[in-house]
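Asker: Input file: upload28.cif. Contents: mmCIF, C-alpha atoms.
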data_model
#
loop_
_atom_site.group_PDB
_atom_site.id
_atom_site.type_symbol
_atom_site.label_atom_id
_atom_site.label_comp_id
_atom_site.auth_asym_id
_atom_site.auth_seq_id
_atom_site.Cartn_x
_atom_site.Cartn_y
_atom_site.Cartn_z
ATOM 1 C CA MET Q 23 0.971 20.863 100.799
ATOM 2 C CA ASN Q 24 3.682 21.297 98.210
ATOM 3 C CA ILE Q 25 3.532 24.945 97.178
ATOM 4 C CA LEU Q 26 5.433 26.730 94.433
ATOM 5 C CA ILE Q 27 5.820 30.485 94.992
ATOM 6 C CA THR Q 28 7.165 32.653 92.204
ATOM 7 C CA GLY Q 29 8.552 35.908 93.530
ATOM 8 C CA GLY Q 30 8.938 34.361 96.955
ATOM 9 C CA CYS Q 31 11.938 36.605 97.702
ATOM 10 C CA GLY Q 32 9.903 39.760 97.128
ATOM 11 C CA PHE Q 33 8.254 42.274 99.440
ATOM 12 C CA VAL Q 34 5.161 40.160 100.092
ATOM 13 C CA GLY Q 35 6.722 36.850 99.086
ATOM 14 C CA THR Q 36 9.381 36.915 101.805
ATOM 15 C CA VAL Q 37 6.789 37.304 104.559
ATOM 16 C CA LEU Q 38 4.393 34.840 102.916
ATOM 17 C CA THR Q 39 7.046 32.151 102.469
ATOM 18 C CA ALA Q 40 8.097 32.338 106.115
ATOM 19 C CA LYS Q 41 4.487 32.130 107.277
ATOM 20 C CA LEU Q 42 3.655 29.144 105.056
ATOM 21 C CA LEU Q 43 6.713 27.321 106.393
ATOM 22 C CA ASP Q 44 5.374 27.993 109.892
ATOM 23 C CA ASP Q 45 2.089 26.488 108.708
ATOM 24 C CA GLY Q 46 3.926 23.258 107.866
ATOM 25 C CA HIS Q 47 3.971 23.406 104.072
ATOM 26 C CA ARG Q 48 6.810 22.416 101.768
ATOM 27 C CA ILE Q 49 7.810 25.432 99.676
ATOM 28 C CA THR Q 50 9.722 25.917 96.450
ATOM 29 C CA VAL Q 51 10.541 29.540 95.643
ATOM 30 C CA VAL Q 52 11.440 30.671 92.133
ATOM 31 C CA ASP Q 53 12.854 34.195 92.060
ATOM 32 C CA THR Q 54 15.437 36.139 90.036
ATOM 33 C CA GLN Q 55 16.642 37.609 93.336
ATOM 34 C CA TRP Q 56 17.212 40.992 91.696
ATOM 35 C CA PHE Q 57 16.404 42.483 95.090
ATOM 36 C CA GLY Q 58 18.278 39.881 97.111
ATOM 37 C CA ASN Q 59 17.209 36.864 99.128
ATOM 38 C CA HIS Q 60 16.169 37.525 102.729
ATOM 39 C CA LEU Q 61 14.696 34.069 103.357
ATOM 40 C CA LYS Q 62 16.151 32.047 106.201
ATOM 41 C CA PRO Q 63 17.240 28.478 105.394
ATOM 42 C CA HIS Q 64 14.650 25.851 106.271
ATOM 43 C CA ALA Q 65 14.443 22.077 105.831
ATOM 44 C CA ARG Q 66 11.195 22.402 103.870
ATOM 45 C CA LEU Q 67 12.330 25.320 101.699
ATOM 46 C CA THR Q 68 13.993 25.175 98.291
ATOM 47 C CA VAL Q 69 15.016 28.494 96.747
ATOM 48 C CA LEU Q 70 15.815 28.583 93.034
ATOM 49 C CA LYS Q 71 17.487 31.663 91.577
ATOM 50 C CA GLN Q 72 15.925 31.813 88.143
ATOM 51 C CA ASP Q 73 13.741 33.887 85.861
ATOM 52 C CA THR Q 74 10.079 32.929 85.479
ATOM 53 C CA ARG Q 75 10.456 33.486 81.740
ATOM 54 C CA ASP Q 76 12.512 30.279 81.752
ATOM 55 C CA VAL Q 77 9.256 28.437 82.342
ATOM 56 C CA GLY Q 78 10.575 25.036 81.274
ATOM 57 C CA SER Q 79 12.983 25.010 84.219
ATOM 58 C CA ILE Q 80 10.316 25.639 86.862
ATOM 59 C CA PRO Q 81 9.737 22.365 88.765
ATOM 60 C CA LEU Q 82 6.005 21.587 88.844
ATOM 61 C CA ALA Q 83 5.964 17.823 89.463
ATOM 62 C CA GLY Q 84 4.074 17.093 92.659
ATOM 63 C CA VAL Q 85 3.082 20.734 93.203
ATOM 64 C CA ASP Q 86 -0.376 21.169 94.721
ATOM 65 C CA VAL Q 87 -0.652 24.966 94.490
ATOM 66 C CA VAL Q 88 1.093 27.717 92.550
ATOM 67 C CA ILE Q 89 1.145 31.179 94.124
ATOM 68 C CA HIS Q 90 2.286 33.480 91.336
ATOM 69 C CA LEU Q 91 3.668 36.723 92.746
ATOM 70 C CA ALA Q 92 6.586 37.348 90.373
ATOM 71 C CA ASN Q 93 6.153 40.464 88.257
ATOM 72 C CA ILE Q 94 7.670 43.768 87.263
ATOM 73 C CA ALA Q 95 6.049 45.889 89.938
ATOM 74 C CA ASN Q 96 4.264 49.237 89.823
ATOM 75 C CA ASP Q 97 3.682 51.774 87.044
ATOM 76 C CA PRO Q 98 7.164 53.384 86.913
ATOM 77 C CA GLY Q 99 8.877 49.990 86.981
ATOM 78 C CA VAL Q 100 6.888 48.751 84.008
ATOM 79 C CA GLU Q 101 7.349 52.002 82.062
ATOM 80 C CA LEU Q 102 11.103 51.599 82.511
ATOM 81 C CA ASN Q 103 11.053 48.495 80.317
ATOM 82 C CA PRO Q 104 7.612 47.718 78.825
ATOM 83 C CA THR Q 105 8.851 44.784 76.732
ATOM 84 C CA LEU Q 106 10.400 43.048 79.741
ATOM 85 C CA SER Q 107 7.218 43.727 81.700
ATOM 86 C CA TRP Q 108 4.889 42.170 79.131
ATOM 87 C CA GLU Q 109 7.196 39.152 78.886
ATOM 88 C CA VAL Q 110 7.288 38.652 82.666
ATOM 89 C CA ASN Q 111 3.800 39.773 83.683
ATOM 90 C CA VAL Q 112 1.831 38.238 80.823
ATOM 91 C CA LEU Q 113 3.701 35.795 78.602
ATOM 92 C CA ALA Q 114 5.483 33.974 81.432
ATOM 93 C CA THR Q 115 2.203 33.865 83.377
ATOM 94 C CA GLN Q 116 0.397 32.204 80.469
ATOM 95 C CA GLN Q 117 3.161 29.672 79.966
ATOM 96 C CA LEU Q 118 3.331 28.897 83.679
ATOM 97 C CA ALA Q 119 -0.436 28.336 83.859
ATOM 98 C CA ASP Q 120 -0.330 26.053 80.828
ATOM 99 C CA ARG Q 121 2.508 23.999 82.281
ATOM 100 C CA ALA Q 122 0.797 23.898 85.666
ATOM 101 C CA VAL Q 123 -2.329 22.358 84.123
ATOM 102 C CA ARG Q 124 -0.245 19.799 82.232
ATOM 103 C CA ALA Q 125 1.560 18.914 85.475
ATOM 104 C CA GLY Q 126 -1.719 18.321 87.321
ATOM 105 C CA VAL Q 127 -1.662 21.425 89.536
ATOM 106 C CA LYS Q 128 -5.179 21.905 90.891
ATOM 107 C CA HIS Q 129 -4.995 25.433 92.332
ATOM 108 C CA PHE Q 130 -3.431 28.616 90.949
ATOM 109 C CA VAL Q 131 -3.385 31.844 92.993
ATOM 110 C CA PHE Q 132 -2.379 35.010 91.152
ATOM 111 C CA ALA Q 133 -1.284 38.378 92.526
ATOM 112 C CA SER Q 134 -3.038 40.863 90.261
ATOM 113 C CA SER Q 135 -3.607 44.506 91.244
ATOM 114 C CA GLY Q 136 -6.418 46.701 92.485
ATOM 115 C CA SER Q 137 -5.286 49.263 89.927
ATOM 116 C CA VAL Q 138 -6.790 47.297 87.017
ATOM 117 C CA TYR Q 139 -10.001 49.315 87.410
ATOM 118 C CA GLY Q 140 -8.325 52.554 86.364
ATOM 119 C CA VAL Q 141 -9.749 55.867 87.550
ATOM 120 C CA LYS Q 142 -13.217 55.319 89.041
ATOM 121 C CA ASP Q 143 -15.698 57.782 90.506
ATOM 122 C CA ASP Q 144 -17.805 54.953 91.911
ATOM 123 C CA PRO Q 145 -17.910 55.037 95.724
ATOM 124 C CA GLN Q 146 -17.807 51.222 95.785
ATOM 125 C CA VAL Q 147 -15.396 49.636 93.319
ATOM 126 C CA THR Q 148 -16.472 46.006 93.135
ATOM 127 C CA GLU Q 149 -15.201 43.120 91.051
ATOM 128 C CA ASP Q 150 -18.016 43.371 88.494
ATOM 129 C CA LEU Q 151 -17.099 46.872 87.307
ATOM 130 C CA GLU Q 152 -15.547 47.404 83.888
ATOM 131 C CA LEU Q 153 -11.756 47.379 83.831
ATOM 132 C CA VAL Q 154 -10.275 50.495 82.242
ATOM 133 C CA PRO Q 155 -6.528 50.267 82.941
ATOM 134 C CA ILE Q 156 -4.656 53.486 82.234
ATOM 135 C CA SER Q 157 -1.042 52.356 82.555
ATOM 136 C CA ALA Q 158 1.036 49.588 81.025
ATOM 137 C CA TYR Q 159 1.311 47.930 84.436
ATOM 138 C CA ASN Q 160 -2.479 47.892 84.866
ATOM 139 C CA LYS Q 161 -2.838 46.466 81.346
ATOM 140 C CA THR Q 162 -0.390 43.618 81.962
ATOM 141 C CA LYS Q 163 -2.306 42.621 85.079
ATOM 142 C CA MET Q 164 -5.693 42.768 83.336
ATOM 143 C CA VAL Q 165 -4.513 40.636 80.415
ATOM 144 C CA ALA Q 166 -2.830 38.131 82.743
ATOM 145 C CA GLU Q 167 -6.093 37.778 84.677
ATOM 146 C CA ARG Q 168 -8.035 37.068 81.505
ATOM 147 C CA VAL Q 169 -5.474 34.496 80.405
ATOM 148 C CA LEU Q 170 -5.564 32.695 83.764
ATOM 149 C CA LEU Q 171 -9.345 32.648 83.949
ATOM 150 C CA SER Q 172 -9.385 30.724 80.673
ATOM 151 C CA TYR Q 173 -7.928 27.764 82.601
ATOM 152 C CA THR Q 174 -10.714 27.491 85.195
ATOM 153 C CA ASP Q 175 -12.086 24.349 83.578
ATOM 154 C CA ALA Q 176 -8.826 22.595 84.494
ATOM 155 C CA MET Q 177 -7.926 24.102 87.896
ATOM 156 C CA GLN Q 178 -9.159 26.539 90.508
ATOM 157 C CA VAL Q 179 -7.916 30.031 89.691
ATOM 158 C CA HIS Q 180 -8.066 32.840 92.236
ATOM 159 C CA CYS Q 181 -6.935 36.260 91.010
ATOM 160 C CA ILE Q 182 -6.360 38.515 94.001
ATOM 161 C CA ARG Q 183 -6.525 42.258 93.373
ATOM 162 C CA PRO Q 184 -4.509 43.752 96.244
ATOM 163 C CA ALA Q 185 -4.665 47.341 97.359
ATOM 164 C CA THR Q 186 -1.343 49.087 97.970
ATOM 165 C CA VAL Q 187 0.507 46.919 100.469
ATOM 166 C CA CYS Q 188 2.094 48.619 103.473
ATOM 167 C CA GLY Q 189 4.146 47.567 106.481
ATOM 168 C CA TYR Q 190 7.504 45.967 107.104
ATOM 169 C CA SER Q 191 9.178 43.111 105.240
ATOM 170 C CA PRO Q 192 12.801 41.927 105.393
ATOM 171 C CA ARG Q 193 12.766 42.653 101.639
ATOM 172 C CA MET Q 194 11.512 46.176 102.175
ATOM 173 C CA ARG Q 195 9.823 48.495 99.713
ATOM 174 C CA LEU Q 196 9.926 52.221 100.361
ATOM 175 C CA ASP Q 197 8.311 53.253 97.070
ATOM 176 C CA VAL Q 198 4.751 52.567 98.257
ATOM 177 C CA SER Q 199 2.813 55.419 99.820
ATOM 178 C CA VAL Q 200 2.528 54.518 103.519
ATOM 179 C CA ASN Q 201 6.078 53.193 103.813
ATOM 180 C CA MET Q 202 7.537 56.030 101.743
ATOM 181 C CA LEU Q 203 5.866 58.829 103.693
ATOM 182 C CA THR Q 204 6.787 57.249 107.025
ATOM 183 C CA MET Q 205 10.429 56.973 105.996
ATOM 184 C CA GLN Q 206 10.451 60.588 104.782
ATOM 185 C CA ALA Q 207 9.104 61.738 108.134
ATOM 186 C CA LEU Q 208 11.657 59.696 110.057
ATOM 187 C CA LYS Q 209 14.676 60.758 107.989
ATOM 188 C CA ASN Q 210 13.826 64.272 106.880
ATOM 189 C CA GLY Q 211 11.274 65.608 109.330
ATOM 190 C CA LYS Q 212 9.009 66.417 106.401
ATOM 191 C CA MET Q 213 6.895 64.583 103.827
ATOM 192 C CA THR Q 214 6.274 65.590 100.230
ATOM 193 C CA VAL Q 215 2.721 64.871 99.091
ATOM 194 C CA PHE Q 216 2.010 65.162 95.372
ATOM 195 C CA GLY Q 217 -1.566 66.330 94.992
ATOM 196 C CA GLY Q 218 -2.963 64.675 98.071
ATOM 197 C CA ASP Q 219 -6.621 64.388 97.170
ATOM 198 C CA GLN Q 220 -6.157 61.077 95.360
ATOM 199 C CA THR Q 221 -7.768 58.233 97.269
ATOM 200 C CA ARG Q 222 -6.019 54.880 97.309
ATOM 201 C CA PRO Q 223 -6.955 51.583 98.939
ATOM 202 C CA ASN Q 224 -4.443 50.042 101.336
ATOM 203 C CA ILE Q 225 -3.765 46.671 102.905
ATOM 204 C CA HIS Q 226 -1.307 45.775 105.665
ATOM 205 C CA ILE Q 227 1.246 43.136 104.641
ATOM 206 C CA THR Q 228 0.012 40.910 107.485
ATOM 207 C CA ASP Q 229 -3.439 40.915 105.907
ATOM 208 C CA MET Q 230 -2.012 40.416 102.426
ATOM 209 C CA VAL Q 231 -0.276 37.251 103.591
ATOM 210 C CA LYS Q 232 -3.376 36.176 105.469
ATOM 211 C CA VAL Q 233 -5.487 36.583 102.300
ATOM 212 C CA TYR Q 234 -3.272 34.147 100.398
ATOM 213 C CA ARG Q 235 -3.413 31.710 103.304
ATOM 214 C CA HIS Q 236 -7.202 32.096 103.330
ATOM 215 C CA PHE Q 237 -7.431 30.902 99.727
ATOM 216 C CA LEU Q 238 -5.035 28.033 100.412
ATOM 217 C CA ALA Q 239 -7.316 26.949 103.254
ATOM 218 C CA ASN Q 240 -10.415 27.361 101.075
ATOM 219 C CA PRO Q 241 -9.403 26.087 97.621
ATOM 220 C CA LYS Q 242 -12.999 25.372 96.617
ATOM 221 C CA LEU Q 243 -14.020 29.023 96.729
ATOM 222 C CA PRO Q 244 -15.336 29.939 93.276
ATOM 223 C CA SER Q 245 -12.680 30.760 90.727
ATOM 224 C CA GLY Q 246 -12.530 34.422 89.838
ATOM 225 C CA CYS Q 247 -11.248 37.797 90.994
ATOM 226 C CA TYR Q 248 -11.310 39.068 94.564
ATOM 227 C CA ASN Q 249 -10.483 42.568 95.802
ATOM 228 C CA ALA Q 250 -8.214 42.736 98.845
ATOM 229 C CA GLY Q 251 -8.128 46.224 100.327
ATOM 230 C CA PHE Q 252 -9.678 47.630 103.471
ATOM 231 C CA GLU Q 253 -8.785 51.288 103.958
ATOM 232 C CA ASN Q 254 -9.563 53.811 101.227
ATOM 233 C CA ILE Q 255 -7.574 56.867 102.289
ATOM 234 C CA SER Q 256 -6.335 59.979 100.519
ATOM 235 C CA ILE Q 257 -2.585 60.444 100.215
ATOM 236 C CA LEU Q 258 -2.858 63.580 102.349
ATOM 237 C CA ASP Q 259 -4.707 61.682 105.078
ATOM 238 C CA ILE Q 260 -1.977 59.035 105.067
ATOM 239 C CA ALA Q 261 0.562 61.803 105.627
ATOM 240 C CA LYS Q 262 -1.539 63.135 108.498
ATOM 241 C CA LYS Q 263 -1.637 59.670 110.065
ATOM 242 C CA VAL Q 264 2.159 59.538 109.837
ATOM 243 C CA ALA Q 265 2.542 63.055 111.280
ATOM 244 C CA ALA Q 266 0.434 62.024 114.278
ATOM 245 C CA LYS Q 267 3.138 59.460 115.132
ATOM 246 C CA VAL Q 268 6.261 61.182 113.782
ATOM 247 C CA PRO Q 269 6.102 64.987 114.036
ATOM 248 C CA ALA Q 270 6.876 66.145 110.512
ATOM 249 C CA GLU Q 271 5.993 68.920 108.108
ATOM 250 C CA ILE Q 272 3.671 68.066 105.205
ATOM 251 C CA VAL Q 273 4.671 69.762 101.942
ATOM 252 C CA ILE Q 274 2.062 69.619 99.171
ATOM 253 C CA SER Q 275 3.238 69.771 95.553
ATOM 254 C CA ALA Q 276 1.414 69.594 92.241
ATOM 255 C CA SER Q 277 0.802 66.121 90.813
ATOM 256 C CA ASN Q 278 0.318 64.791 87.295
ATOM 257 C CA ASP Q 279 -0.904 61.434 88.646
ATOM 258 C CA PRO Q 280 -4.707 61.348 88.363
ATOM 259 C CA ARG Q 281 -5.177 57.852 89.778
ATOM 260 C CA SER Q 282 -7.839 57.915 92.443
ATOM 261 C CA TYR Q 283 -9.725 54.759 93.195
ATOM 262 C CA ARG Q 284 -11.366 52.851 95.997
ATOM 263 C CA GLN Q 285 -11.899 49.178 96.610
ATOM 264 C CA ASN Q 286 -14.818 47.301 98.011
ATOM 265 C CA SER Q 287 -13.778 43.924 99.424
ATOM 266 C CA ASP Q 288 -17.215 42.653 100.461
ATOM 267 C CA LYS Q 289 -16.834 39.645 98.146
ATOM 268 C CA LEU Q 290 -13.720 38.569 100.050
ATOM 269 C CA LEU Q 291 -15.269 39.321 103.437
ATOM 270 C CA ALA Q 292 -18.302 37.222 102.497
ATOM 271 C CA THR Q 293 -16.014 34.167 102.284
ATOM 272 C CA GLY Q 294 -15.273 34.486 106.008
ATOM 273 C CA TYR Q 295 -12.138 36.588 105.808
ATOM 274 C CA VAL Q 296 -11.566 38.981 108.730
ATOM 275 C CA GLN Q 297 -9.229 41.985 108.532
ATOM 276 C CA THR Q 298 -6.349 41.866 111.010
ATOM 277 C CA ALA Q 299 -4.212 45.009 110.715
ATOM 278 C CA SER Q 300 -4.428 48.655 109.664
ATOM 279 C CA VAL Q 301 -2.496 51.481 108.016
ATOM 280 C CA SER Q 302 -1.760 52.859 111.484
ATOM 281 C CA ASP Q 303 -0.230 49.491 112.421
ATOM 282 C CA ALA Q 304 1.945 49.631 109.300
ATOM 283 C CA ILE Q 305 3.200 53.097 110.206
ATOM 284 C CA GLU Q 306 4.091 51.817 113.689
ATOM 285 C CA ASP Q 307 5.883 48.810 112.159
ATOM 286 C CA VAL Q 308 8.062 50.991 109.960
ATOM 287 C CA ILE Q 309 8.866 53.357 112.833
ATOM 288 C CA GLN Q 310 9.873 50.533 115.163
ATOM 289 C CA LYS Q 311 12.010 48.725 112.574
ATOM 290 C CA TYR Q 312 13.765 51.969 111.644
ATOM 291 C CA LYS Q 313 14.499 52.841 115.260
ATOM 292 C CA SER Q 314 15.773 49.321 115.962
ATOM 293 C CA GLY Q 315 18.155 49.525 113.003
ATOM 294 C CA GLU Q 316 16.541 46.597 111.156
ATOM 295 C CA LEU Q 317 15.226 48.914 108.451
ATOM 296 C CA VAL Q 318 17.850 50.754 106.433
ATOM 297 C CA ASP Q 319 16.911 53.112 103.605
ATOM 298 C CA ASN Q 320 18.862 52.166 100.475
ATOM 299 C CA ASP Q 321 18.385 51.951 96.708
ATOM 300 C CA GLN Q 322 17.314 48.292 96.870
ATOM 301 C CA CYS Q 323 14.114 49.446 98.586
ATOM 302 C CA TYR Q 324 13.060 51.360 95.451
ATOM 303 C CA THR Q 325 12.010 49.342 92.384
ATOM 304 C CA VAL Q 326 12.966 51.812 89.656
ATOM 305 C CA ARG Q 327 16.243 52.903 91.238
ATOM 306 C CA TRP Q 328 17.382 49.316 91.626
ATOM 307 C CA MET Q 329 16.221 48.242 88.165
ATOM 308 C CA LYS Q 330 18.339 51.083 86.747
ATOM 309 C CA HIS Q 331 21.238 49.940 88.908
ATOM 310 C CA LEU Q 332 20.865 46.466 87.385
ATOM 311 C CA ASN Q 333 20.618 47.967 83.860
ATOM 312 C CA LEU Q 334 17.137 46.529 83.357
ATOM 313 C CA GLN Q 335 15.734 49.586 81.632
ATOM 314 C CA GLY Q 336 14.612 49.115 78.036
#
Would you write out, as structure tokens, the structure that this file holds?
Answerer:
Amino acid sequence: MNILITGGCGFVGTVLTAKLLDDGHRITVVDTQWFGNHLKPHARLTVLKQDTRDVGSIPLAGVDVVIHLANIANDPGVELNPTLSWEVNVLATQQLADRAVRAGVKHFVFASSGSVYGVKDDPQVTEDLELVPISAYNKTKMVAERVLLSYTDAMQVHCIRPATVCGYSPRMRLDVSVNMLTMQALKNGKMTVFGGDQTRPNIHITDMVKVYRHFLANPKLPSGCYNAGFENISILDIAKKVAAKVPAEIVISASNDPRSYRQNSDKLLATGYVQTASVSDAIEDVIQKYKSGELVDNDQCYTVRWMKHLNLQG
């Protein structure tokens, strides 16, 4: 297939692009490359350094599937520049979907977020629950979902709601809980946990990539939203899992972040998807890559730090 991936140079996108090339697809990546380009050259890969807000320049002729990953990521990143975030996460998404339909694209896969539910006490957070987003980031994802689902009469639309992704990528992120705590343990011999009781769903990057491949292989699955998260673990328990592999002190501090939510991914599992990897595997990945020297802790691994470096704050 001819696949267009926005954000293909990102944390998940870099791993996904490489895997889809292995699968034999022809890939076009559109990415601002604010965080660099770690993709290896390939005969079936075209990488375009451009902003998704310049929608008219995105080549859609002959594209079978759009996988839309490009966004301003996480709550602090969006709060840094809300206007930029609404333009990228919502407006550009709407314009891309509209152009995709006009170009004859039949399948649109969108990276939403499991955080669109907001704070939930429900033990099983399923796709039919009310969305009560509490941050600007959550709101941009919710609105983008609703916009995309309005196009389901013209193309298949699959909105994936990932849990927090963990594990190693050549374009590494160290501002997500599992990766961050593992790096703290490795570098400092101690981890700082804010609060600790908050429960968050997690998904290994190998599974995240596999979920997107699953929808590519099953394009006729009903349009709609699908949770993708398999381990609902408290932040403190994540730290304990890290400490079991890297002896480190756990320091608990007060937190003003109330977000605590779980995910139920039975809808995804009912389509035949099978989980592959775990949080423990992700911790091992980070440890091994750090010890081998492939993983280096620097500002580019932290969304907000690097956005400030690039003067992208509002």
Asker: Quick one: everything within 10 Å of Ala299 (chain Q), counting all atoms listed in the file, minus sequence neighbours fewer than 3 positions away in the same chain. Send it as a PDB file with C-alpha atoms, in the coordinates of the input.
Answerer:
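Ended up saving to around-v3.pdb:
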ATOM      1  CA  GLY Q 189       4.146  47.567 106.481  1.00  0.00           C
ATOM      2  CA  ILE Q 225      -3.765  46.671 102.905  1.00  0.00           C
ATOM      3  CA  HIS Q 226      -1.307  45.775 105.665  1.00  0.00           C
ATOM      4  CA  ILE Q 227       1.246  43.136 104.641  1.00  0.00           C
ATOM      5  CA  THR Q 228       0.012  40.910 107.485  1.00  0.00           C
ATOM      6  CA  ASP Q 229      -3.439  40.915 105.907  1.00  0.00           C
ATOM      7  CA  MET Q 230      -2.012  40.416 102.426  1.00  0.00           C
ATOM      8  CA  PHE Q 252      -9.678  47.630 103.471  1.00  0.00           C
ATOM      9  CA  VAL Q 296     -11.566  38.981 108.730  1.00  0.00           C
ATOM     10  CA  SER Q 302      -1.760  52.859 111.484  1.00  0.00           C
ATOM     11  CA  ASP Q 303      -0.230  49.491 112.421  1.00  0.00           C
ATOM     12  CA  ALA Q 304       1.945  49.631 109.300  1.00  0.00           C
TER      13      ALA Q 304
END
Asker: What are the nearest atom pairs, with distances in Å to one decimal, for all residues of region 161-241 of chain Q that come at most 9 Å from region 135-139 of chain Q, using all atoms listed in the file, set out by chain and rising residue number as a tab-separated table?
Answerer:
residue	atom	partner	partner_atom	distance
Q:Lys161	CA	Q:Val138	CA	7.0
Q:Thr162	CA	Q:Val138	CA	8.9
Q:Lys163	CA	Q:Ser135	CA	6.6
Q:Met164	CA	Q:Val138	CA	5.9
Q:Cys181	CA	Q:Ser135	CA	8.9
Q:Ile182	CA	Q:Ser135	CA	7.1
Q:Arg183	CA	Q:Ser135	CA	4.3
Q:Pro184	CA	Q:Ser135	CA	5.1
Q:Ala185	CA	Q:Gly136	CA	5.2
Q:Thr186	CA	Q:Gly136	CA	7.8
Q:Pro223	CA	Q:Gly136	CA	8.1
Asker: Please indicate the distance in Å from CA of Ala158 (chain Q) to CA of Ile94 (chain Q), rounded to one decimal place.
Answerer: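 For CA of Ala158 (chain Q) relative to CA of Ile94 (chain Q), the distance reads 10.8 Å.
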Asker: Taking the file as shown, find all residues satisfying the PyMOL selection byres ((chain Q and resi 90) around 10) and write them as number ranges by chain.
Answerer: Q: 26-30, 35, 52, 74, 87-89, 91-93, 115, 118-119, 130-134, 181
Asker: Convert the output of the PyMOL selection byres ((chain Q and resi 323) around 7) on the shown file into explicit residues, formatted as a ChimeraX atom specification.
Answerer: /Q:194-196,319-322,324-325
Asker: Assuming 5 Å of padding per side, give the centre and edge lengths of the axis-aligned box around every listed atom of region 179-189 of chain Q, in Å to one decimal and as JSON.
Answerer:
{"center_x": -2.0, "center_y": 39.6, "center_z": 98.1, "size_x": 22.2, "size_y": 29.1, "size_z": 26.8}
Asker: Given the file above and the PyMOL selection byres ((chain Q and resi 249) around 6), which residues are selected, and can you give them as an mmCIF file with C-alpha atoms, keeping the file's coordinate frame?
Answerer:
data_model
loop_
_atom_site.group_PDB
_atom_site.id
_atom_site.type_symbol
_atom_site.label_atom_id
_atom_site.label_comp_id
_atom_site.auth_asym_id
_atom_site.auth_seq_id
_atom_site.Cartn_x
_atom_site.Cartn_y
_atom_site.Cartn_z
ATOM 1 C CA ARG Q 183 -6.525 42.258 93.373
ATOM 2 C CA TYR Q 248 -11.310 39.068 94.564
ATOM 3 C CA ALA Q 250 -8.214 42.736 98.845
ATOM 4 C CA SER Q 287 -13.778 43.924 99.424
#
Asker: Rank nothing, just name the residue among Q:Leu70, Q:Arg121, Q:His129, Q:Asp44 nearest to Phe237 (chain Q), using all atoms listed in the file.
Answerer: Q:His129
Asker: Is it possible to get the residues within 12 Å of (7.9, 27.7, 110.4) (coordinates as in the file, counting only C-alpha atoms) written as a list in words?
Answerer: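 I get Val37, Leu38, Thr39, Ala40, Lys41, Leu42, Leu43, Asp44, Asp45, Gly46, His47, Arg48, Ile49, Leu61, Lys62, Pro63, His64, Ala65, Arg66 and Leu67 of chain Q for the residues within 12 Å of that point.
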Asker: Please compute the CA of Gly126 (chain Q)-CA of Ala176 (chain Q) distance, one decimal, in Å.
Answerer: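 Rounded to one decimal, the two atoms are 8.8 Å apart.
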Asker: Enter the distance from CA of Glu109 (chain Q) to CA of Arg222 (chain Q), in Å, rounded to one decimal.
Answerer: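 Going from CA of Glu109 (chain Q) over to CA of Arg222 (chain Q) covers 27.6 Å.
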Asker: Give me the residues near region 259-261 of chain Q as a PyMOL selection string, where near means some atom within 9 Å (using only C-alpha atoms) and where sequence neighbours in that chain fewer than 3 positions away do not count.
Answerer: chain Q and resi 199-200+203-204+207+213-215+218-219+255-256+264-266+272+301-302
Asker: Q:Pro192, Q:Gly217, Q:Pro81, Q:Gly58: which is nearest Phe33 (chain Q), counting all atoms listed in the file?
Answerer: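 Nearest candidate to Phe33 (chain Q) out of Q:Pro192, Q:Gly217, Q:Pro81, Q:Gly58: Q:Pro192.
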Asker: Taking (9.4, 53.2, 114.0) in the file's coordinates, which residues come within 10 Å, counting all atoms listed in the file, written as a list in words?
Answerer: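 Final list of nearby residues, as requested, is Thr204, Met205, Leu208, Lys267, Val268, Ala304, Ile305, Glu306, Asp307, Val308, Ile309, Gln310, Lys311, Tyr312, Lys313, Ser314, Gly315 and Leu317 of chain Q.
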Asker: Counting only C-alpha atoms, figure out which residue out of Q:Gly246, Q:Gly78, Q:Gly32, Q:Gly336 gets nearest to Thr54 (chain Q).
Answerer: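 So, comparing all the options, the nearest one is Q:Gly32.
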Asker: For each of Q:Leu106, Q:Val100, Q:Met177, Q:Val123, take the minimum atom-to-atom distance to Asn160 (chain Q), counting all atoms listed in the file, then give the residue where this is smallest.
Answerer: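 The shortest atom-to-atom distance to Asn160 (chain Q) comes from Q:Val100.
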Asker: Which of these residues is nearest to Thr174 (chain Q), using only C-alpha atoms: Q:Asp53, Q:Asp120, Q:Asp73, Q:Asp97?
Answerer: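 Among the listed residues, the smallest separation from Thr174 (chain Q) belongs to Q:Asp120.
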Asker: For a quick check of understanding, using only C-alpha atoms, which of Q:Ala95, Q:Val154, Q:Ala83, Q:Val326 has the smallest distance to Arg124 (chain Q)?
Answerer: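 When distances to Arg124 (chain Q) are compared using only C-alpha atoms, the smallest one comes from Q:Ala83.
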